[in-house]
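Participant: You'll find entry11.txt just under this line, and it carries compact mmCIF, C-alpha atoms.
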```
# COMPACT_ATOMS: atom_id res chain seq x y z
CA MET J 9 40.93 -27.87 0.37
CA SER J 10 44.70 -27.67 0.12
CA HIS J 11 44.50 -25.24 -2.81
CA SER J 12 42.28 -22.71 -1.02
CA SER J 13 43.52 -19.35 0.18
CA PRO J 14 44.81 -18.80 3.72
CA LEU J 15 41.74 -16.66 4.49
CA VAL J 16 39.37 -19.45 3.43
CA ARG J 17 41.35 -21.96 5.52
CA ARG J 18 41.16 -19.66 8.56
CA LEU J 19 37.43 -19.10 8.12
CA ARG J 20 36.92 -22.87 7.74
CA ALA J 21 38.91 -23.49 10.93
CA LEU J 22 36.84 -20.89 12.80
CA ALA J 23 33.60 -22.42 11.52
CA ASP J 24 34.77 -25.87 12.57
CA ALA J 25 35.77 -24.57 16.01
CA VAL J 26 32.22 -23.45 16.86
CA PRO J 27 30.80 -26.98 17.39
CA ALA J 28 33.97 -28.01 19.23
CA LEU J 29 33.69 -25.07 21.63
CA LEU J 30 29.98 -25.74 22.15
CA LEU J 31 30.68 -29.39 22.88
CA ALA J 32 33.35 -28.39 25.39
CA THR J 33 30.83 -26.03 26.98
CA MET J 34 28.30 -28.85 27.21
CA PHE J 35 30.86 -31.10 28.87
CA LEU J 36 31.85 -28.42 31.35
CA CYS J 37 28.17 -27.77 32.22
CA PHE J 38 27.63 -31.50 32.65
CA ILE J 39 30.55 -31.68 35.10
CA ILE J 40 29.26 -28.63 36.99
CA GLN J 41 25.78 -30.16 37.20
CA VAL J 42 27.10 -33.50 38.50
CA PHE J 43 29.29 -31.71 41.06
CA MET J 44 26.50 -29.43 42.24
CA ARG J 45 23.93 -32.21 42.45
CA TYR J 46 25.98 -35.00 44.03
CA VAL J 47 28.77 -33.22 45.91
CA ILE J 48 27.22 -29.94 47.02
CA ASP J 49 23.63 -31.34 47.02
CA SER J 50 22.34 -28.15 45.42
CA PRO J 51 21.47 -28.76 41.75
CA VAL J 52 21.43 -25.87 39.31
CA GLY J 53 19.11 -25.66 36.32
CA TRP J 54 21.04 -23.32 34.07
CA THR J 55 23.49 -26.07 33.12
CA VAL J 56 20.73 -28.11 31.49
CA GLU J 57 19.55 -25.03 29.62
CA VAL J 58 23.06 -24.35 28.32
CA CYS J 59 23.41 -28.00 27.22
CA VAL J 60 20.13 -27.97 25.29
CA ILE J 61 20.93 -24.69 23.55
CA ALA J 62 24.47 -25.81 22.77
CA TRP J 63 23.22 -29.12 21.36
CA LEU J 64 20.73 -27.33 19.10
CA TRP J 65 23.47 -25.04 17.82
CA ILE J 66 25.93 -27.93 17.36
CA LEU J 67 23.47 -29.84 15.21
CA LEU J 68 22.33 -27.00 12.99
CA TRP J 69 25.65 -25.14 12.75
CA GLY J 70 27.54 -28.35 12.18
CA GLN J 71 25.28 -29.54 9.37
CA SER J 72 25.03 -26.22 7.58
CA VAL J 73 28.40 -24.56 8.13
CA SER J 74 30.94 -27.16 9.24
CA ALA J 75 29.90 -30.30 7.37
CA GLU J 76 31.21 -30.86 3.89
CA GLU J 77 29.27 -32.41 1.06
CA GLY J 78 31.05 -35.73 1.44
CA ASP J 79 29.68 -35.95 4.99
CA GLU J 80 26.07 -35.88 3.82
CA ILE J 81 23.87 -38.94 3.84
CA ARG J 82 23.02 -40.45 0.48
CA PHE J 83 21.13 -43.49 -0.68
CA ASP J 84 24.39 -45.13 -1.73
CA ILE J 85 22.76 -48.22 -3.19
CA VAL J 86 21.03 -46.18 -5.86
CA TYR J 87 23.54 -43.34 -6.13
CA GLY J 88 26.54 -45.64 -6.43
CA SER J 89 24.96 -47.94 -8.98
CA VAL J 90 24.32 -45.33 -11.65
CA ARG J 91 26.67 -43.66 -14.12
CA PRO J 92 28.45 -40.42 -13.14
CA GLU J 93 26.25 -38.46 -15.56
CA THR J 94 23.12 -39.75 -13.80
CA ARG J 95 24.65 -38.87 -10.43
CA ARG J 96 25.21 -35.38 -11.78
CA TRP J 97 21.50 -35.14 -12.62
CA PHE J 98 20.60 -36.47 -9.17
CA ARG J 99 22.68 -33.70 -7.64
CA MET J 100 21.03 -31.02 -9.76
CA ILE J 101 17.48 -32.28 -9.17
CA PHE J 102 17.88 -32.67 -5.42
CA SER J 103 19.68 -29.34 -5.15
CA VAL J 104 16.74 -27.59 -6.82
CA LEU J 105 14.28 -29.43 -4.57
CA LEU J 106 16.17 -28.61 -1.37
CA VAL J 107 16.71 -24.96 -2.31
CA GLY J 108 12.99 -24.72 -3.08
CA ILE J 109 11.96 -26.31 0.22
CA TYR J 110 14.33 -24.18 2.31
CA ALA J 111 13.42 -20.99 0.42
CA TRP J 112 9.69 -21.72 0.73
CA SER J 113 9.99 -22.29 4.50
CA LEU J 114 12.27 -19.28 5.14
CA PRO J 115 9.50 -16.64 5.58
CA ALA J 116 7.62 -18.82 8.08
CA LEU J 117 10.86 -19.57 9.91
CA TRP J 118 11.66 -15.85 10.03
CA ASP J 119 8.20 -15.16 11.46
CA PHE J 120 8.66 -17.85 14.10
CA VAL J 121 12.12 -16.71 15.18
CA THR J 122 11.15 -13.06 15.38
CA PHE J 123 7.93 -13.93 17.21
CA MET J 124 9.88 -15.90 19.83
CA LYS J 125 11.44 -12.69 21.18
CA ILE J 126 8.39 -12.48 23.46
CA GLN J 127 9.64 -15.44 25.50
CA GLU J 128 12.90 -16.03 27.35
CA THR J 129 14.66 -19.10 28.67
CA ALA J 130 13.84 -20.03 32.26
CA TYR J 131 17.25 -19.61 33.91
CA LEU J 132 19.45 -17.49 31.68
CA ASP J 133 16.77 -15.08 30.39
CA ILE J 134 17.99 -15.43 26.81
CA GLY J 135 15.35 -14.52 24.26
CA PHE J 136 14.18 -17.55 22.32
CA ASN J 137 14.66 -15.52 19.15
CA TRP J 138 18.42 -15.73 19.85
CA VAL J 139 18.23 -19.41 20.70
CA TYR J 140 16.37 -20.26 17.49
CA SER J 141 18.30 -17.86 15.26
CA ILE J 142 20.53 -20.78 14.36
CA ALA J 143 17.60 -22.17 12.35
CA LEU J 144 17.76 -19.09 10.11
CA ILE J 145 21.51 -19.50 9.70
CA PHE J 146 20.97 -23.19 8.91
CA SER J 147 18.37 -22.42 6.24
CA VAL J 148 20.28 -19.61 4.54
CA VAL J 149 23.58 -21.48 4.53
CA SER J 150 21.84 -24.65 3.28
CA ILE J 151 20.31 -22.66 0.42
CA LEU J 152 23.73 -21.28 -0.49
CA ARG J 153 25.31 -24.74 -0.19
CA TYR J 154 22.81 -26.36 -2.54
CA VAL J 155 22.98 -23.49 -5.02
CA TRP J 156 26.73 -24.11 -5.07
CA ILE J 157 26.25 -27.87 -5.51
CA PHE J 158 23.80 -27.22 -8.35
CA ARG J 159 26.21 -24.81 -10.01
CA ASN J 160 29.07 -27.30 -9.83
CA ALA J 161 26.93 -30.13 -11.17
CA ALA J 162 25.38 -28.01 -13.94
CA THR J 163 28.74 -26.71 -15.14
CA GLY J 164 30.43 -30.11 -14.96
CA ARG J 165 32.62 -29.15 -12.00
CA ASP J 166 31.15 -31.94 -9.93
CA THR J 167 33.21 -31.83 -6.74
CA GLY J 168 31.37 -34.63 -5.00
CA LEU J 169 32.16 -38.31 -5.06
CA THR J 170 32.54 -39.22 -8.70
CA THR J 171 33.49 -42.87 -8.75
CA ALA J 172 31.52 -45.84 -7.53
CA GLU J 173 34.61 -47.03 -5.65
CA ASN J 174 34.62 -43.88 -3.49
CA ILE J 175 30.91 -43.77 -2.73
CA GLY J 176 30.08 -45.26 0.64
CA ARG J 177 33.65 -46.29 1.33
CA LYS J 178 34.78 -43.20 3.23
CA ASP J 179 33.74 -44.53 6.62
CA PHE J 180 35.61 -47.79 6.14
CA SER J 181 38.88 -46.34 4.91
CA GLU J 182 39.64 -44.09 7.87
```
For the structure just supplied, provide its representation as structure tokens.
Facilitator:
Amino acid sequence: MSHSSPLVRRLRALADAVPALLLATMFLCFIIQVFMRYVIDSPVGWTVEVCVIAWLWILLWGQSVSAEEGDEIRFDIVYGSVRPETRRWFRMIFSVLLVGIYAWSLPALWDFVTFMKIQETAYLDIGFNWVYSIALIFSVVSILRYVWIFRNAATGRDTGLTTAENIGRKDFSE
């Protein structure tokens, strides 16, 4: 990451700021809801709606746009016990499978999201097509991510964890 251009670093920082801003929004809505319910004795429903929408966007945006490959879950027992060349094949095979699954589901997901414009959220009157549009972003970005992972593995530019010592140890070294 240190050798990337300033534009890429800025875009990465902006992408990483989205979940942080959404989490701050959720916290603020939670505080408003507690205040309105227990101090003013007049609960408001829109805060729950904002929290649910923000949580959905945090999960899908975070996994597709903000998370890096090293943050992904792997079956470390198997992955870490094989040679780097076998790991490279694992990466290529699973990349092809995931790209295929996401690409196959994309038309149905598009149909669902565009169909949901007929319904709006209860309090904020936001079309559900906008709420669920993050699922389209998630799928498209995931396809691009796994095409990139496949490309790196196929060309020998494997940028993932390459040594058995590094696999599964990230969480314990921080």
Participant: Take atom CA of Ser72 of chain J and atom CA of Phe146 of chain J and report the distance between them in Å, one decimal.
Facilitator: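 Computed distance, atom CA of Ser72 of chain J to atom CA of Phe146 of chain J, equals 5.2 Å.
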Participant: Measuring atom to atom with all atoms listed in the file, identify which of J:Leu117, J:Leu67, J:Val104, J:Ala23 is nearest to Ala161 of chain J.
Facilitator: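 Counting all atoms listed in the file, the residue closest to Ala161 of chain J is J:Val104.
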Participant: Smallest atom-to-atom distance to Leu22 of chain J: which of J:Phe102, J:Tyr154, J:Trp69, J:Phe38, using only C-alpha atoms?
Facilitator: J:Trp69
Participant: Pick the closest to Met100 of chain J from J:Ala162, J:Ala143, J:Leu31, J:Ala116: which is it, counting only C-alpha atoms?
Facilitator: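 Selected residue with least distance to Met100 of chain J: J:Ala162.
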Participant: For each of J:Tyr131, J:Gly108, J:Trp65, J:Arg45, take the minimum atom-to-atom distance to Leu144 of chain J, counting all atoms listed in the file, then give the residue where this is smallest.
Facilitator: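 When distances to Leu144 of chain J are compared using all atoms listed in the file, the smallest one comes from J:Trp65.
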Participant: Between atom CA of Ser141 of chain J and atom CA of Val60 of chain J, what is the spacing in Å?
Facilitator: 14.4 Å
Participant: Kindly give the distance, in Å, that separates atom CA of Pro27 of chain J and atom CA of Trp156 of chain J, rounded to a single decimal.
Facilitator: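 These two atoms are separated by 23.0 Å.
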Participant: With distances taken over only C-alpha atoms, which residue among J:Val90, J:Ile81, J:Ile48, J:Ile66 lies nearest Leu29 of chain J?
Facilitator: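 For Leu29 of chain J, the nearest of the candidates is J:Ile66.
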Participant: Which is closer to Trp97 of chain J than all the others in J:Lys125, J:Ser74, J:Thr163, J:Trp112, using only C-alpha atoms?
Facilitator: J:Thr163
Participant: Place a sphere of radius 10 Å on (21.7, -23.8, 36.9) in the file coordinates and name every protein, DNA or RNA residue with an atom inside or on its surface, counting all atoms listed in the file; give the answer as a PDB file with C-alpha atoms, in the frame of the given file.
Facilitator:
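Done, and the output landed in selection03.pdb:
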```
ATOM      1  CA  CYS J  37      28.170 -27.770  32.220  1.00  0.00           C
ATOM      2  CA  ILE J  40      29.260 -28.630  36.990  1.00  0.00           C
ATOM      3  CA  GLN J  41      25.780 -30.160  37.200  1.00  0.00           C
ATOM      4  CA  MET J  44      26.500 -29.430  42.240  1.00  0.00           C
ATOM      5  CA  SER J  50      22.340 -28.150  45.420  1.00  0.00           C
ATOM      6  CA  PRO J  51      21.470 -28.760  41.750  1.00  0.00           C
ATOM      7  CA  VAL J  52      21.430 -25.870  39.310  1.00  0.00           C
ATOM      8  CA  GLY J  53      19.110 -25.660  36.320  1.00  0.00           C
ATOM      9  CA  TRP J  54      21.040 -23.320  34.070  1.00  0.00           C
ATOM     10  CA  THR J  55      23.490 -26.070  33.120  1.00  0.00           C
ATOM     11  CA  VAL J  56      20.730 -28.110  31.490  1.00  0.00           C
ATOM     12  CA  GLU J  57      19.550 -25.030  29.620  1.00  0.00           C
ATOM     13  CA  VAL J  58      23.060 -24.350  28.320  1.00  0.00           C
ATOM     14  CA  ALA J 130      13.840 -20.030  32.260  1.00  0.00           C
ATOM     15  CA  TYR J 131      17.250 -19.610  33.910  1.00  0.00           C
ATOM     16  CA  LEU J 132      19.450 -17.490  31.680  1.00  0.00           C
TER      17      LEU J 132
END
```
Participant: So that all listed atoms of segment 20-35 of chain J fit with 4 Å spare on each side, what axis-aligned box centre and edge lengths in Å, to one decimal, would you give as JSON?
Facilitator:
```
{"center_x": 33.6, "center_y": -26.0, "center_z": 18.3, "size_x": 18.6, "size_y": 18.2, "size_z": 29.1}
```
Participant: Which residues are close to segment 105-107 of chain J, i.e. within 10 Å by all atoms listed in the file, leaving aside same-chain residues fewer than 4 positions away? Reply as a PyMOL selection string.
Facilitator: chain J and resi 99-101+111-113+147-148+150-155+158
Participant: Could you rebuild segment 100-111 of chain J with all heavy atoms and give it back as a short mmCIF file (atom, residue, chain, number, x, y, z; two decimals), in the coordinates of the input?
Facilitator:
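To be explicit, this is the file written out as selection-v2.cif:
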```
data_model
loop_
_atom_site.label_atom_id
_atom_site.label_comp_id
_atom_site.auth_asym_id
_atom_site.auth_seq_id
_atom_site.Cartn_x
_atom_site.Cartn_y
_atom_site.Cartn_z
N MET J 100 21.74 -32.23 -9.31
CA MET J 100 21.03 -31.02 -9.76
C MET J 100 19.57 -31.05 -9.33
O MET J 100 19.05 -30.05 -8.81
CB MET J 100 21.16 -30.87 -11.27
CG MET J 100 22.55 -30.50 -11.72
SD MET J 100 22.71 -30.02 -13.45
CE MET J 100 22.04 -31.38 -14.32
N ILE J 101 18.90 -32.18 -9.52
CA ILE J 101 17.48 -32.28 -9.17
C ILE J 101 17.27 -32.10 -7.67
O ILE J 101 16.42 -31.31 -7.23
CB ILE J 101 16.90 -33.63 -9.64
CG1 ILE J 101 16.83 -33.66 -11.17
CG2 ILE J 101 15.53 -33.89 -9.03
CD1 ILE J 101 16.58 -35.04 -11.75
N PHE J 102 18.06 -32.78 -6.87
CA PHE J 102 17.88 -32.67 -5.42
C PHE J 102 18.33 -31.31 -4.90
O PHE J 102 17.76 -30.81 -3.92
CB PHE J 102 18.58 -33.82 -4.69
CG PHE J 102 17.82 -35.10 -4.80
CD1 PHE J 102 18.26 -36.12 -5.62
CD2 PHE J 102 16.62 -35.26 -4.12
CE1 PHE J 102 17.53 -37.30 -5.74
CE2 PHE J 102 15.89 -36.44 -4.23
CZ PHE J 102 16.33 -37.45 -5.04
N SER J 103 19.29 -30.70 -5.54
CA SER J 103 19.68 -29.34 -5.15
C SER J 103 18.53 -28.37 -5.38
O SER J 103 18.22 -27.54 -4.51
CB SER J 103 20.90 -28.88 -5.93
OG SER J 103 22.03 -29.63 -5.57
N VAL J 104 17.88 -28.47 -6.53
CA VAL J 104 16.74 -27.59 -6.82
C VAL J 104 15.62 -27.84 -5.81
O VAL J 104 15.02 -26.90 -5.29
CB VAL J 104 16.25 -27.80 -8.27
CG1 VAL J 104 14.90 -27.15 -8.49
CG2 VAL J 104 17.27 -27.26 -9.26
N LEU J 105 15.34 -29.11 -5.52
CA LEU J 105 14.28 -29.43 -4.57
C LEU J 105 14.60 -28.87 -3.18
O LEU J 105 13.74 -28.26 -2.53
CB LEU J 105 14.07 -30.95 -4.48
CG LEU J 105 13.39 -31.60 -5.68
CD1 LEU J 105 13.42 -33.12 -5.55
CD2 LEU J 105 11.96 -31.11 -5.81
N LEU J 106 15.81 -29.08 -2.71
CA LEU J 106 16.17 -28.61 -1.37
C LEU J 106 16.20 -27.09 -1.28
O LEU J 106 15.74 -26.51 -0.29
CB LEU J 106 17.49 -29.22 -0.93
CG LEU J 106 17.40 -30.71 -0.62
CD1 LEU J 106 18.79 -31.31 -0.42
CD2 LEU J 106 16.55 -30.95 0.61
N VAL J 107 16.73 -26.43 -2.32
CA VAL J 107 16.71 -24.96 -2.31
C VAL J 107 15.27 -24.48 -2.29
O VAL J 107 14.93 -23.55 -1.54
CB VAL J 107 17.47 -24.39 -3.54
CG1 VAL J 107 17.17 -22.92 -3.74
CG2 VAL J 107 18.97 -24.60 -3.37
N GLY J 108 14.41 -25.11 -3.07
CA GLY J 108 12.99 -24.72 -3.08
C GLY J 108 12.33 -24.91 -1.73
O GLY J 108 11.60 -24.03 -1.25
N ILE J 109 12.57 -26.04 -1.09
CA ILE J 109 11.96 -26.31 0.22
C ILE J 109 12.46 -25.31 1.27
O ILE J 109 11.68 -24.74 2.02
CB ILE J 109 12.24 -27.76 0.65
CG1 ILE J 109 11.45 -28.73 -0.22
CG2 ILE J 109 11.92 -27.96 2.13
CD1 ILE J 109 11.87 -30.18 -0.07
N TYR J 110 13.79 -25.12 1.32
CA TYR J 110 14.33 -24.18 2.31
C TYR J 110 13.86 -22.75 2.03
O TYR J 110 13.53 -22.01 2.96
CB TYR J 110 15.86 -24.22 2.34
CG TYR J 110 16.43 -25.43 3.03
CD1 TYR J 110 17.39 -26.23 2.42
CD2 TYR J 110 16.02 -25.78 4.31
CE1 TYR J 110 17.92 -27.34 3.06
CE2 TYR J 110 16.55 -26.88 4.95
CZ TYR J 110 17.49 -27.66 4.32
OH TYR J 110 18.01 -28.75 4.95
N ALA J 111 13.85 -22.35 0.77
CA ALA J 111 13.42 -20.99 0.42
C ALA J 111 11.94 -20.80 0.74
O ALA J 111 11.53 -19.75 1.23
CB ALA J 111 13.70 -20.71 -1.05
#
```
